Every structure is written in structure tokens, then in C-alpha cells.
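Engineer: If you scroll down you'll find the structure; I have some questions about it.
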Amino acid sequence: MARELKAATEWWQSAIANVPCVTFTLQRNRTGSLRLIDISANCQKLLHIRAEDLMASFDCLAEVLDPAEYSRLEEVIAVAAAKRSGLLWEGRLRARNRQKAKWIRLQAQTPKALIRTVTWQGVITDFSREHDLDLALKRSREQLSELSAYLEAGKEEERERIARDIHDELGSILVALKIEAALLTSKLPKNQLALRDKARSIETMLDQAMGTASRVARELRPGILKEFGLSAAIECQAEDFSQRTGITCRAQCDDDGLEVEERCALALFRIVQEALTNVAKHAHASLVAIRLYRDRQQLIVEIRDNGRGIGETDLHKPKSFGLRGIRERVRSLNGELSVSAGEQGGTHIVLSLPLKSSSRRTAVEEDVQHKLF
């Protein structure tokens, strides 16, 4: 029996030595001192410290970890001990022999939490490859965001150029044609009723063309956004949307003292524009409500409609570029976006952006003004 137990113990120790992780049992007493009760022998391969040295002094870890990393580990352990909870910590080992530094993850549960001590049992793993992949993915996303911002800036410049051409050149030509048509109508004989009706019809079509050109120019690059701000631009966009689609669109903008930088204002205008386009294409709605307001340190934009609503499959369609564009704009502004079904049907979009201190009055300033007036 003793021989079989010894053989089983040796087999277990051999198996533990060959697994790609380090198993350990850590204890923290009431004074806060740490002691490793047990740690697998393969810790020397991962941590470059012998198991005997670690069990003699837990502070030996400070020799292979960056000082800041070891301090953070102690903080994590102290918090877990206070909560009598498990451990989760990730940190970097010091580089050795010009080799790339390893990243390790420490995970443990606390099966035993007595009054004077807390004991954890867990594993230490090497997640350097996973960390490098996450870092590469993060860099790739940042590059894609930068590329998206660059392309969007180029698109806005092109829109501004086209809008300027429509407003200045095409607009002036249409105005000249309108004047010429009016002069022609005034010179026609009064008994030529058919010709006079045709001339008036031409004038009416010219009026429609001038209105369309003006609307297209506003949609491409709303001059009202620069001159009167975001609220006026959104209200104008809502009015144009109603006239173009026949869908009632109401806008309520509470912008008392709110100043939004040009880049942010343009992005918000484009988001509202894209959301209204989606409503016209897919929602089958008869009413849309837009609200812009400030909630403490957040700028909130809400868009609701009474259409057919939106489902989970609609949010993840392969070609739902409208929603993807909105998400990308919100991400570039460090904001948050929520797209969900409305409580009483339809779709509810909520966008929140952090406000800079310069674009809002602080609570102290508001309190002082309230007392003064």
C-alpha cells in the first residue's frame, strides 16, 4: 500500500511538473504577510525562481517582476483578502538575457477563509502570446479608426466643395433662369393663354429646382451648422426630412449655453442624418422625435420612431453600413451608443458623449449664479 501511494505521488508530481502552468497554495495571515504553502517545481521554468526560494520568502517574486508590477500584485491580494474573494492578476516579468519579457496571469480561488488567515489555491500561466495578439489587434483597430477618420475628413471636404459649387454656380444659374423666365412671361401677349401657362409652369419648375438645389447643398454641408450651431442644424434637418418624406419629424433641442466643438457637432449632425435616412428606408414610420439635451457631464441625443422596430438580426446584418457608420463616429468621439426596440414599438436610439469642461457650466457656477439672480 505504501509503495502504491508513493508511486501515485511521484506520478502526480511528474504530471504537475509537465503541465504548462504553475500550481500554488498561498496564505495571507492577519498581519498581511504572505506565505506560499505549496508551489509546483516547474515554477523555475516559468518564473526563473526555485520553488524552495519562493516558499521561503514570497518577496522573491519582486526580483523577477517590475517594481510597479509587484506593488500592484500586493494591492490585488490585499483587496481579495478583504473581500474574501478569488484572485486575478496579470503582469510582466523582467526581460532576461535580451529576451522578450513574459506576461503571466495569476488566478486563484479561496476554498478556505478563516478568521486569522485567507488561503488561495490557483495557477500561474504564461499568456505572452495572448497578450501580444491582443496588443496587435488593438493596434490594428486604432489604425482602422485613424483610416476611417482620414477618409471621413476627405469625404467632408468633398461634400463642402460640391455644396459650394451647387450653391454658388448652379444656384446663380437657376436664379438667372428664373429672372429670364419672368421677363419672358411678362412680354407674352395676353391673348396667348397657352404660352403664358407654359411659361408659368417653367417658373414653377425653376422654383422647385432652386429649392432642391438649396436642400441638397444643406445636406451636403449645412452652413447653418457653422452660423447658428448644432440645434438649429438639427431642427432644419428635421423640417427638410418632413417635407421630403411626408413623415412627421419633431426636434426638441435644449442647448442653453451649450457649446459643441465643430468636429463633434458635424459628427452628431451626420449621425442624426444617417438615423433619419434609416427611418425613411426601413422603419415604415409616421412619426420621428429627436431630442438633444445636456445631462450633467453628458450630451445626449435621442431619436425615436413609431415604425416596425428593430430586432437583433437587424443589428448584425452583414451590410448594415448605416449602423456601422454611426457606431464608428460615436467611437471616435469616445461616446456610447444604444440601439434598441422602443417600449411602445418602433426604434429607440440613445447617444451620449462626454462634455468638456469648457462647454458646460459647473455646478458651483450654476449655484453662484442662482444666488446672484
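Chain labels A, B, ... are given in the sequence in which chains occur in the C-alpha cells; within each chain residues are numbered consecutively from 1, and ligands are likewise numbered from 1 in the order shown.
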Could you pull the residues within 7 Å of A:Arg221, counting only C-alpha atoms, minus those fewer than 5 positions along the same chain, as a list of chain:residue names?
Structural biologist: A:Arg159, A:Glu160, A:Ala163
Engineer: Could you list, as a PyMOL selection string, every residue within 12 Å of stretch 327-331 of chain A, counting only C-alpha atoms and ignoring same-chain residues fewer than 5 positions away?
Structural biologist: chain A and resi 141-142+144-149+152-153+263-272+274-275+300-301+315+320-322+336-339+349-354
Engineer: What's the separation between atom CA of A:Arg200 and atom CA of A:Glu180, in Å to one decimal place?
Structural biologist: 11.9 Å
Engineer: I'd like the neighbourhood of A:Trp89 as an NGL selection string, where a residue qualifies if any of its atoms comes within 7 Å (using only C-alpha atoms), though same-chain residues fewer than 4 positions away should be ignored.
Structural biologist: :A and (73 or 105-107)
Engineer: So which bits of stretch 196-336 of chain A end up helix (DSSP H, G or I) when you DSSP the backbone, as number ranges by chain?
Structural biologist: A: 196-220, 223-228, 230-245, 262-283, 312-315, 321-332
Engineer: Which residues are near A:Arg164? Cut-off 12 Å, only C-alpha atoms, ignore same chain within fewer than 2 positions. Put them as a count of residues only.
Structural biologist: 23
Engineer: Based on DSSP run over this structure's backbone, return all residues of stretch 119-355 of chain A in strand (DSSP E), as an MDAnalysis selection string.
Structural biologist: chainID A and resid 119:126 248:253 287:295 298:305 336:341 347:354
Engineer: Can you pull out the residues contacting A:Leu87? Cut-off 9 Å, using only C-alpha atoms, and skip same-chain residues under 5 positions away; I want them as a ChimeraX atom specification.
Structural biologist: /A:76-77,80-81,106-110,120,122
Engineer: Write a file of the selected residues as a PDB file, in the first residue's frame, keeping N, CA and C atoms.
Structural biologist:
```pdb
ATOM      1  N   VAL A  76      -3.735  43.889  -5.225  1.00  0.00           N
ATOM      2  CA  VAL A  76      -4.795  42.966  -5.632  1.00  0.00           C
ATOM      3  C   VAL A  76      -5.031  41.911  -4.562  1.00  0.00           C
ATOM      4  N   ILE A  77      -3.950  41.393  -3.986  1.00  0.00           N
ATOM      5  CA  ILE A  77      -4.071  40.386  -2.934  1.00  0.00           C
ATOM      6  C   ILE A  77      -4.747  40.974  -1.695  1.00  0.00           C
ATOM      7  N   ALA A  80      -8.468  41.309  -2.388  1.00  0.00           N
ATOM      8  CA  ALA A  80      -9.109  39.998  -2.381  1.00  0.00           C
ATOM      9  C   ALA A  80      -9.221  39.437  -0.970  1.00  0.00           C
ATOM     10  N   ALA A  81      -8.216  39.705  -0.130  1.00  0.00           N
ATOM     11  CA  ALA A  81      -8.265  39.228   1.252  1.00  0.00           C
ATOM     12  C   ALA A  81      -9.366  39.935   2.022  1.00  0.00           C
ATOM     13  N   LEU A 106      -2.090  35.292 -12.952  1.00  0.00           N
ATOM     14  CA  LEU A 106      -2.271  34.569 -11.697  1.00  0.00           C
ATOM     15  C   LEU A 106      -3.768  34.509 -11.396  1.00  0.00           C
ATOM     16  N   GLN A 107      -4.291  33.291 -11.295  1.00  0.00           N
ATOM     17  CA  GLN A 107      -5.703  33.079 -10.981  1.00  0.00           C
ATOM     18  C   GLN A 107      -5.811  32.123  -9.802  1.00  0.00           C
ATOM     19  N   ALA A 108      -6.691  32.425  -8.867  1.00  0.00           N
ATOM     20  CA  ALA A 108      -6.829  31.562  -7.694  1.00  0.00           C
ATOM     21  C   ALA A 108      -8.194  31.750  -7.060  1.00  0.00           C
ATOM     22  N   GLN A 109      -8.667  30.713  -6.413  1.00  0.00           N
ATOM     23  CA  GLN A 109      -9.900  30.740  -5.638  1.00  0.00           C
ATOM     24  C   GLN A 109      -9.560  30.549  -4.173  1.00  0.00           C
ATOM     25  N   THR A 110     -10.482  30.910  -3.313  1.00  0.00           N
ATOM     26  CA  THR A 110     -10.250  30.802  -1.879  1.00  0.00           C
ATOM     27  C   THR A 110     -11.190  29.771  -1.264  1.00  0.00           C
ATOM     28  N   TRP A 120      -5.542  30.816  -0.689  1.00  0.00           N
ATOM     29  CA  TRP A 120      -5.947  30.689  -2.090  1.00  0.00           C
ATOM     30  C   TRP A 120      -5.234  29.505  -2.727  1.00  0.00           C
ATOM     31  N   GLY A 122      -4.501  28.131  -6.717  1.00  0.00           N
ATOM     32  CA  GLY A 122      -4.676  28.531  -8.109  1.00  0.00           C
ATOM     33  C   GLY A 122      -3.491  28.161  -8.977  1.00  0.00           C
TER      34      GLY A 122
END
```
Engineer: Interatomic distance between atom CA of A:Lys45 and atom CA of A:Arg92?
Structural biologist: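 Here the two named atoms are 15.3 Å from each other.
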Engineer: Find the residues around A:Ser340 up to 9 Å (only C-alpha atoms counted), leave out those fewer than 3 positions away in its own chain, and share them as an mmCIF file with all heavy atoms, in the first residue's frame.
Structural biologist:
```
data_model
loop_
_atom_site.group_PDB
_atom_site.id
_atom_site.type_symbol
_atom_site.label_atom_id
_atom_site.label_comp_id
_atom_site.auth_asym_id
_atom_site.auth_seq_id
_atom_site.Cartn_x
_atom_site.Cartn_y
_atom_site.Cartn_z
ATOM 1 N N GLY A 309 -39.902 48.767 -35.760
ATOM 2 C CA GLY A 309 -38.953 48.355 -34.726
ATOM 3 C C GLY A 309 -37.715 47.713 -35.318
ATOM 4 O O GLY A 309 -37.585 47.550 -36.538
ATOM 5 N N ILE A 310 -36.806 47.343 -34.460
ATOM 6 C CA ILE A 310 -35.544 46.743 -34.871
ATOM 7 C C ILE A 310 -35.286 45.496 -34.041
ATOM 8 O O ILE A 310 -35.532 45.472 -32.831
ATOM 9 C CB ILE A 310 -34.388 47.758 -34.724
ATOM 10 C CG1 ILE A 310 -33.123 47.229 -35.397
ATOM 11 C CG2 ILE A 310 -34.127 48.097 -33.262
ATOM 12 C CD1 ILE A 310 -32.047 48.291 -35.542
ATOM 13 N N GLY A 311 -34.830 44.442 -34.689
ATOM 14 C CA GLY A 311 -34.545 43.185 -33.999
ATOM 15 C C GLY A 311 -33.056 42.930 -33.892
ATOM 16 O O GLY A 311 -32.223 43.669 -34.443
ATOM 17 N N GLU A 312 -32.693 41.864 -33.193
ATOM 18 C CA GLU A 312 -31.286 41.526 -33.008
ATOM 19 C C GLU A 312 -30.611 41.208 -34.329
ATOM 20 O O GLU A 312 -29.444 41.542 -34.551
ATOM 21 C CB GLU A 312 -31.179 40.322 -32.061
ATOM 22 C CG GLU A 312 -29.779 40.073 -31.529
ATOM 23 C CD GLU A 312 -29.300 41.181 -30.597
ATOM 24 O OE1 GLU A 312 -30.140 41.863 -29.996
ATOM 25 O OE2 GLU A 312 -28.068 41.345 -30.496
ATOM 26 N N GLY A 346 -41.465 50.566 -32.380
ATOM 27 C CA GLY A 346 -40.506 51.427 -33.043
ATOM 28 C C GLY A 346 -39.085 51.181 -32.572
ATOM 29 O O GLY A 346 -38.779 50.160 -31.956
ATOM 30 N N THR A 347 -38.217 52.136 -32.854
ATOM 31 C CA THR A 347 -36.801 52.026 -32.512
ATOM 32 C C THR A 347 -36.385 53.212 -31.655
ATOM 33 O O THR A 347 -36.853 54.335 -31.856
ATOM 34 C CB THR A 347 -35.937 51.985 -33.789
ATOM 35 O OG1 THR A 347 -36.366 50.902 -34.610
ATOM 36 C CG2 THR A 347 -34.464 51.796 -33.449
ATOM 37 N N HIS A 348 -35.508 52.945 -30.702
ATOM 38 C CA HIS A 348 -35.026 53.978 -29.774
ATOM 39 C C HIS A 348 -33.508 54.010 -29.831
ATOM 40 O O HIS A 348 -32.841 53.022 -29.507
ATOM 41 C CB HIS A 348 -35.497 53.673 -28.355
ATOM 42 C CG HIS A 348 -35.153 54.742 -27.373
ATOM 43 N ND1 HIS A 348 -35.113 54.524 -26.010
ATOM 44 C CD2 HIS A 348 -34.842 56.045 -27.548
ATOM 45 C CE1 HIS A 348 -34.779 55.638 -25.407
ATOM 46 N NE2 HIS A 348 -34.611 56.580 -26.308
ATOM 47 N N ILE A 349 -32.948 55.132 -30.275
ATOM 48 C CA ILE A 349 -31.501 55.324 -30.346
ATOM 49 C C ILE A 349 -31.101 56.358 -29.305
ATOM 50 O O ILE A 349 -31.678 57.451 -29.251
ATOM 51 C CB ILE A 349 -31.065 55.794 -31.745
ATOM 52 C CG1 ILE A 349 -31.422 54.744 -32.802
ATOM 53 C CG2 ILE A 349 -29.569 56.080 -31.781
ATOM 54 C CD1 ILE A 349 -31.124 55.186 -34.223
ATOM 55 N N VAL A 350 -30.127 56.006 -28.477
ATOM 56 C CA VAL A 350 -29.620 56.930 -27.455
ATOM 57 C C VAL A 350 -28.109 57.050 -27.631
ATOM 58 O O VAL A 350 -27.395 56.055 -27.636
ATOM 59 C CB VAL A 350 -29.935 56.454 -26.027
ATOM 60 C CG1 VAL A 350 -29.408 57.465 -25.008
ATOM 61 C CG2 VAL A 350 -31.422 56.246 -25.838
#
```
Engineer: Hey, which of A:Ile247, A:Glu235, A:Gln273, A:Asn334 ends up closest to A:Leu292? Count only C-alpha atoms.
Structural biologist: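 That would be A:Glu235, the residue with the smallest distance to A:Leu292.
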Engineer: Determine the nearest neighbour of A:Met55 from the options A:Thr25, A:Gln298, A:Ser71, A:Thr204, counting only C-alpha atoms.
Structural biologist: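 The shortest atom-to-atom distance to A:Met55 comes from A:Thr25.
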Engineer: Can you measure atom CA of A:Ser140 to atom CA of A:Glu156 for me? One decimal in Å is fine.
Structural biologist: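 A separation of 24.2 Å between them.
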